[in-house]
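upload-v7.txt follows; it contains compact mmCIF, C-alpha atoms.
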# COMPACT_ATOMS: atom_id res chain seq x y z
CA ASN A 247 0.00 0.00 0.00
CA GLY A 248 2.95 2.33 0.52
CA PHE A 249 2.71 5.18 2.96
CA THR A 250 -0.24 7.46 3.22
CA PHE A 251 -0.92 10.68 5.02
CA SER A 252 -4.26 12.34 5.41
CA MET A 253 -5.43 15.89 5.79
CA SER A 254 -8.90 16.88 6.87
CA LYS A 255 -10.87 18.89 4.38
CA ALA A 256 -11.64 22.46 5.30
CA GLU A 257 -15.00 23.02 6.97
CA TRP A 258 -16.36 25.13 4.09
CA VAL A 259 -15.49 22.30 1.68
CA ARG A 260 -17.39 19.83 3.88
CA LYS A 261 -20.44 22.08 3.84
CA CYS A 262 -20.32 22.46 0.04
CA SER A 263 -19.86 18.68 -0.30
CA ALA A 264 -22.97 18.09 1.81
CA ILE A 265 -25.03 20.46 -0.38
CA LEU A 266 -23.69 18.79 -3.55
CA LYS A 267 -24.55 15.35 -2.16
CA THR A 268 -28.15 16.50 -1.57
CA VAL A 269 -28.39 17.85 -5.14
CA LYS A 270 -26.89 14.65 -6.58
CA GLY A 271 -29.55 12.71 -4.67
CA HIS A 272 -32.39 14.46 -6.55
CA LYS A 273 -34.36 12.20 -8.93
CA HIS A 274 -33.32 14.29 -11.99
CA ALA A 275 -29.63 14.60 -11.04
CA TRP A 276 -28.47 11.48 -12.92
CA VAL A 277 -28.64 13.47 -16.16
CA PHE A 278 -25.99 15.90 -14.87
CA ASN A 279 -23.63 13.62 -12.92
CA ASP A 280 -21.13 12.98 -15.74
CA PRO A 281 -19.53 15.04 -18.53
CA VAL A 282 -21.67 15.34 -21.69
CA ASP A 283 -20.49 12.89 -24.36
CA PRO A 284 -21.40 14.49 -27.74
CA VAL A 285 -20.52 11.29 -29.67
CA LYS A 286 -22.63 8.99 -27.51
CA LEU A 287 -25.55 11.46 -27.51
CA ASN A 288 -25.10 12.27 -31.22
CA ILE A 289 -24.89 16.04 -30.68
CA PRO A 290 -21.76 17.00 -32.69
CA ASP A 291 -22.31 20.76 -32.26
CA TYR A 292 -22.30 20.61 -28.43
CA PHE A 293 -18.82 22.09 -27.92
CA GLN A 294 -19.47 24.83 -30.48
CA ILE A 295 -22.41 26.06 -28.40
CA ILE A 296 -21.14 25.21 -24.91
CA LYS A 297 -17.74 26.80 -24.39
CA ARG A 298 -17.17 25.66 -20.81
CA PRO A 299 -18.71 22.23 -20.12
CA MET A 300 -19.43 21.35 -16.50
CA ASP A 301 -21.14 18.50 -14.63
CA LEU A 302 -21.79 17.58 -10.99
CA GLY A 303 -19.22 14.76 -11.00
CA THR A 304 -16.49 17.19 -12.10
CA VAL A 305 -17.62 19.70 -9.44
CA LYS A 306 -17.27 16.96 -6.79
CA VAL A 307 -13.73 16.03 -7.93
CA ASN A 308 -12.66 19.69 -8.17
CA LEU A 309 -14.03 20.41 -4.71
CA GLU A 310 -12.15 17.46 -3.22
CA ASN A 311 -8.79 18.07 -4.90
CA GLY A 312 -8.62 21.79 -4.23
CA THR A 313 -9.25 23.04 -7.78
CA ILE A 314 -12.31 24.88 -6.44
CA THR A 315 -10.89 27.44 -4.02
CA SER A 316 -13.94 29.40 -2.88
CA PRO A 317 -17.69 28.98 -2.16
CA GLU A 318 -18.47 31.39 -5.02
CA GLN A 319 -16.57 29.21 -7.49
CA PHE A 320 -18.46 26.15 -6.20
CA LYS A 321 -21.82 27.88 -6.66
CA ASP A 322 -20.86 29.14 -10.14
CA ASP A 323 -19.77 25.68 -11.33
CA VAL A 324 -22.91 23.94 -10.04
CA MET A 325 -25.11 26.56 -11.71
CA LEU A 326 -23.02 26.41 -14.91
CA THR A 327 -23.91 22.71 -15.15
CA PHE A 328 -27.60 23.59 -15.36
CA ALA A 329 -27.12 26.80 -17.38
CA ASN A 330 -25.30 24.81 -20.09
CA ALA A 331 -28.17 22.30 -20.28
CA MET A 332 -30.73 25.11 -20.55
CA LYS A 333 -28.66 26.91 -23.19
CA TYR A 334 -28.18 23.84 -25.39
CA ASN A 335 -31.66 22.35 -25.02
CA PRO A 336 -34.77 24.37 -26.02
CA PRO A 337 -37.35 25.17 -23.28
CA GLU A 338 -39.75 22.43 -24.42
CA ASN A 339 -37.01 19.80 -24.10
CA GLU A 340 -37.21 17.49 -21.06
CA VAL A 341 -33.53 18.03 -20.11
CA HIS A 342 -34.06 21.82 -20.11
CA GLY A 343 -36.93 21.36 -17.66
CA MET A 344 -34.88 19.03 -15.44
CA ALA A 345 -32.02 21.54 -15.39
CA ARG A 346 -34.36 24.35 -14.34
CA VAL A 347 -35.83 22.22 -11.52
CA LEU A 348 -32.35 21.22 -10.32
CA ASN A 349 -31.07 24.80 -10.47
CA ASP A 350 -33.96 25.99 -8.27
CA PHE A 351 -33.47 23.02 -5.96
CA PHE A 352 -29.75 23.82 -5.58
CA LEU A 353 -30.42 27.52 -4.91
CA SER A 354 -33.00 26.67 -2.23
CA LYS A 355 -30.35 24.59 -0.40
CA TRP A 356 -27.48 27.02 -1.08
CA GLU A 357 -29.28 30.13 0.16
CA LYS A 358 -29.84 28.54 3.58
CA GLU A 359 -26.13 27.77 3.99
CA GLU A 360 -24.42 30.48 1.93
CA GLU A 361 -23.56 32.92 4.72
CA SER A 362 -22.31 30.16 7.01
CA VAL A 363 -20.17 28.61 4.22
CA LYS A 364 -18.65 31.99 3.27
CA GLN A 365 -17.93 32.77 6.90
CA LYS A 366 -16.07 29.46 7.31
CA TRP A 367 -14.17 30.11 4.08
CA ARG A 368 -13.11 33.61 5.20
CA LEU A 369 -11.96 32.26 8.57
CA GLU A 370 -10.02 29.37 7.04
CA SER A 371 -8.49 31.54 4.30
CA SER A 372 -7.16 34.00 6.86
CA GLY A 373 -5.55 31.21 8.84
CA GLY A 374 -8.07 31.30 11.69
CA GLN A 375 -8.82 27.60 11.33
CA PRO A 376 -6.36 24.97 12.59
CA GLN A 377 -7.35 22.44 9.94
CA PRO A 378 -5.56 22.81 6.61
CA ALA A 379 -7.65 24.62 4.03
CA LEU A 380 -6.91 23.85 0.40
CA VAL A 381 -6.82 27.49 -0.58
CA GLY A 382 -4.81 28.89 -3.46
CA SER A 383 -2.48 27.18 -5.87
CA ALA A 384 0.92 25.79 -4.92
CA PRO A 385 2.84 28.80 -6.33
CA GLU A 386 0.71 31.17 -4.23
CA VAL A 387 1.17 29.12 -1.09
CA LEU A 388 4.90 28.66 -1.69
CA GLY A 389 5.36 32.31 -2.56
CA LYS A 390 7.04 31.48 -5.87
CA ARG A 391 6.20 29.86 -9.18
CA LEU A 392 7.45 26.29 -9.49
CA GLN A 393 9.66 25.57 -12.49
CA ASP A 394 10.59 22.24 -14.08
CA SER A 395 14.15 22.97 -12.87
CA ASP A 396 12.87 22.59 -9.29
CA PHE A 397 12.27 18.90 -10.04
CA LYS A 398 15.68 17.91 -11.49
CA ASP A 399 16.63 15.47 -8.73
CA ASP A 400 14.81 12.24 -9.57
CA ARG A 401 16.87 9.71 -7.61
CA PRO A 402 14.61 6.86 -6.41
CA MET A 403 13.73 7.01 -2.72
CA SER A 404 14.43 4.13 -0.35
CA TYR A 405 11.78 2.58 1.89
CA GLU A 406 13.28 4.41 4.91
CA GLU A 407 13.34 7.78 3.12
CA LYS A 408 9.68 7.44 2.14
CA ARG A 409 8.77 6.47 5.69
CA GLU A 410 10.59 9.53 7.06
CA LEU A 411 8.97 11.84 4.47
CA SER A 412 5.50 10.50 5.30
CA ALA A 413 6.09 11.04 9.04
CA ASN A 414 7.46 14.56 8.43
CA MET A 415 4.47 15.53 6.28
CA ASN A 416 2.15 14.75 9.16
CA LYS A 417 4.12 17.17 11.40
CA LEU A 418 3.53 20.13 9.07
CA PRO A 419 1.26 23.02 10.06
CA GLY A 420 -1.99 23.36 8.07
CA LYS A 421 -0.95 25.90 5.46
CA LYS A 422 2.29 24.05 4.64
CA LEU A 423 0.42 20.75 4.38
CA GLY A 424 -2.05 22.47 2.06
CA ALA A 425 0.89 23.51 -0.13
CA VAL A 426 2.20 19.92 -0.19
CA VAL A 427 -1.19 18.65 -1.34
CA GLN A 428 -1.32 21.34 -4.05
CA ILE A 429 2.18 20.41 -5.29
CA ILE A 430 1.15 16.74 -5.48
CA HIS A 431 -2.07 17.71 -7.27
CA ASP A 432 -0.24 19.95 -9.77
CA ARG A 433 2.32 17.24 -10.57
CA ASN A 434 0.18 14.07 -10.19
CA PRO A 435 -3.51 15.07 -10.37
CA LYS A 436 -4.88 11.51 -10.21
CA ILE A 437 -3.17 10.54 -6.95
CA LEU A 438 -5.35 12.40 -4.45
CA GLN A 439 -8.02 10.04 -3.14
CA GLN A 440 -10.91 10.43 -0.77
CA ASN A 441 -10.49 8.16 2.24
CA GLY A 442 -13.14 5.42 1.97
CA ASP A 443 -13.49 5.13 5.76
CA ASP A 444 -13.64 8.87 6.34
CA PRO A 445 -14.95 10.96 3.43
CA ASP A 446 -13.69 14.11 5.18
CA GLU A 447 -10.08 13.05 4.73
CA ILE A 448 -7.88 13.21 1.64
CA GLU A 449 -5.44 10.32 1.25
CA VAL A 450 -2.23 10.24 -0.74
CA ASP A 451 -0.24 7.10 -1.55
CA ILE A 452 3.43 8.11 -1.52
CA ASP A 453 4.42 5.09 -3.65
CA LYS A 454 2.44 6.53 -6.57
CA ILE A 455 4.24 9.90 -6.58
CA ASP A 456 7.08 10.29 -9.11
CA ASP A 457 10.65 10.43 -7.75
CA ALA A 458 11.34 14.05 -8.79
CA THR A 459 8.26 15.27 -6.91
CA LEU A 460 9.20 13.18 -3.85
CA ARG A 461 12.72 14.70 -3.80
CA PHE A 462 11.32 18.22 -4.09
CA LEU A 463 8.78 17.55 -1.32
CA ASP A 464 11.47 16.07 0.92
CA GLY A 465 13.50 19.29 0.66
CA TYR A 466 10.44 21.50 1.10
CA VAL A 467 9.13 19.57 4.13
CA LYS A 468 12.53 19.49 5.88
CA GLU A 469 12.99 23.23 5.32
CA ALA A 470 9.46 23.96 6.62
CA LEU A 471 10.04 21.85 9.75
CA ALA A 472 13.43 23.49 10.38
CA LYS A 473 11.75 26.94 10.25
CA LYS A 474 8.99 25.72 12.55
CA LYS A 475 11.55 24.41 15.05
CA LYS A 476 13.51 27.68 14.90
CA LYS A 477 10.29 29.64 15.54
CA THR A 478 9.19 27.53 18.51
CA GLY A 479 12.69 27.08 19.92
CA PRO A 480 14.29 23.88 21.31

Go ahead and express the file in the form of structure tokens.
Amino acid sequence: NGFTFSMSKAEWVRKCSAILKTVKGHKHAWVFNDPVDPVKLNIPDYFQIIKRPMDLGTVKVNLENGTITSPEQFKDDVMLTFANAMKYNPPENEVHGMARVLNDFFLSKWEKEEESVKQKWRLESSGGQPQPALVGSAPEVLGKRLQDSDFKDDRPMSYEEKRELSANMNKLPGKKLGAVVQIIHDRNPKILQQNGDDPDEIEVDIDKIDDATLRFLDGYVKEALAKKKKKTGP
């Protein structure tokens, strides 16, 4: 299985996930759970009309992996799913009607929670929340833009080195751990997994990360822990 470390999802993300789960449970939601396949549905002009496709499954993945970085972006992407369906399908079409119903259903749930979600997001974004919030991209969190040259060292890691890296990652403060997750996502987007036992945790299998990324992370984590130790003293 390799080594895994977990980080709890930010509270605002949990709240958005709960709303999305309710919407996906609606009887009409199955139509919007996956990306539109123009070939399968025989609608070759779909991408000419719909410039930014979106679906609820993609929203779920983007919410979990940190691509969605604010409640407003979450709301926009959910509503875009239904707006696209209403734009492509004429009003008398059944899918257009389903999209309208789902959009109203989503808004009725969202409006009840919106202020609370935004409040949590503001708190977590300003560092007032101890749990790591997946906010911002890796370059923003790191304070610099990552270059390919940062990932030149691709020596394979030993079992012991991976074990030490995994243990060190779990010692990181929230914002630094958020940056680690973003780096992994930017370099290996398919590796982040939701923990099956605890859907509020994100799990990463270190054995699936490429060697160059592991070496970069090892340096980053050790430097972060050294700064933390310096700050807190012996």

Worksheet item: Distance CA of Leu460 (chain A)-CA of Leu423 (chain A), one decimal place?
Response: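 It comes out at 14.2 Å.
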
Worksheet item: Interatomic distance between CA of Glu359 (chain A) and CA of Ala256 (chain A)?
Response: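 Result for CA of Glu359 (chain A) versus CA of Ala256 (chain A): 15.5 Å, one decimal.
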
Worksheet item: For the atom pair CA of Asp451 (chain A) and CA of Lys408 (chain A), what is the interatomic distance in Å to one decimal place?
Response: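 Answer for the CA of Asp451 (chain A) to CA of Lys408 (chain A) separation: 10.6 Å.
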
Enumerate, in order of chain and increasing residue number, the residues of region 305-406 of chain A with an atom no farther than 10 Å from region 269-277 of chain A, each with its shortest atom pair and distance in Å to one decimal, counting all atoms listed in the file, as a tab-separated table.
residue	atom	partner	partner_atom	distance
A:Lys306	CA	A:Lys270	CA	9.9
A:Val324	CA	A:Val269	CA	9.5
A:Ala331	CA	A:Val277	CA	9.8
A:Val341	CA	A:Val277	CA	7.8
A:Gly343	CA	A:His274	CA	9.8
A:Met344	CA	A:His274	CA	6.1
A:Ala345	CA	A:His274	CA	8.1
A:Val347	CA	A:His274	CA	8.3
A:Leu348	CA	A:Ala275	CA	7.2
A:Asn349	CA	A:Val269	CA	9.2
A:Phe351	CA	A:Val269	CA	7.3
A:Phe352	CA	A:Val269	CA	6.1
A:Leu353	CA	A:Val269	CA	9.9
A:Lys355	CA	A:Val269	CA	8.5

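Comparing A:Ser316, A:Ala425, A:Asn311, A:Thr268 by their smallest distance to Lys366 (chain A), the closest is A:Ser316 (using all atoms listed in the file).
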
Practice prompt. Would you list the contacts of region 461-476 of chain A as a PyMOL selection string, taking every protein, DNA or RNA residue within 10 Å and counting all atoms listed in the file, but skipping same-chain residues closer than 4 positions in sequence?
Written response: chain A and resi 388+396-403+407-408+410-412+414-419+422-423+425-426+429-430+456-457+480

Report, as AutoDock Vina command-line options, the axis-aligned box around all atoms of region 302-308 of chain A present in the file, extended by 3 Å on each side; give centre and edge lengths in Å to one decimal place.
--center_x -17.2 --center_y 17.2 --center_z -9.4 --size_x 15.1 --size_y 10.9 --size_z 11.3

Discussion item. Just checking: using only C-alpha atoms, which residue out of A:Glu361, A:Asn434, A:Asn335, A:Trp367 ends up closest to Ile289 (chain A)?
Written reply: A:Asn335

Fill in: Best match for closeness to Lys267 (chain A) among A:Asp453, A:Asp432, A:Leu309, A:Asp291, counting only C-alpha atoms
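Smallest separation from Lys267 (chain A) among the options: A:Leu309.
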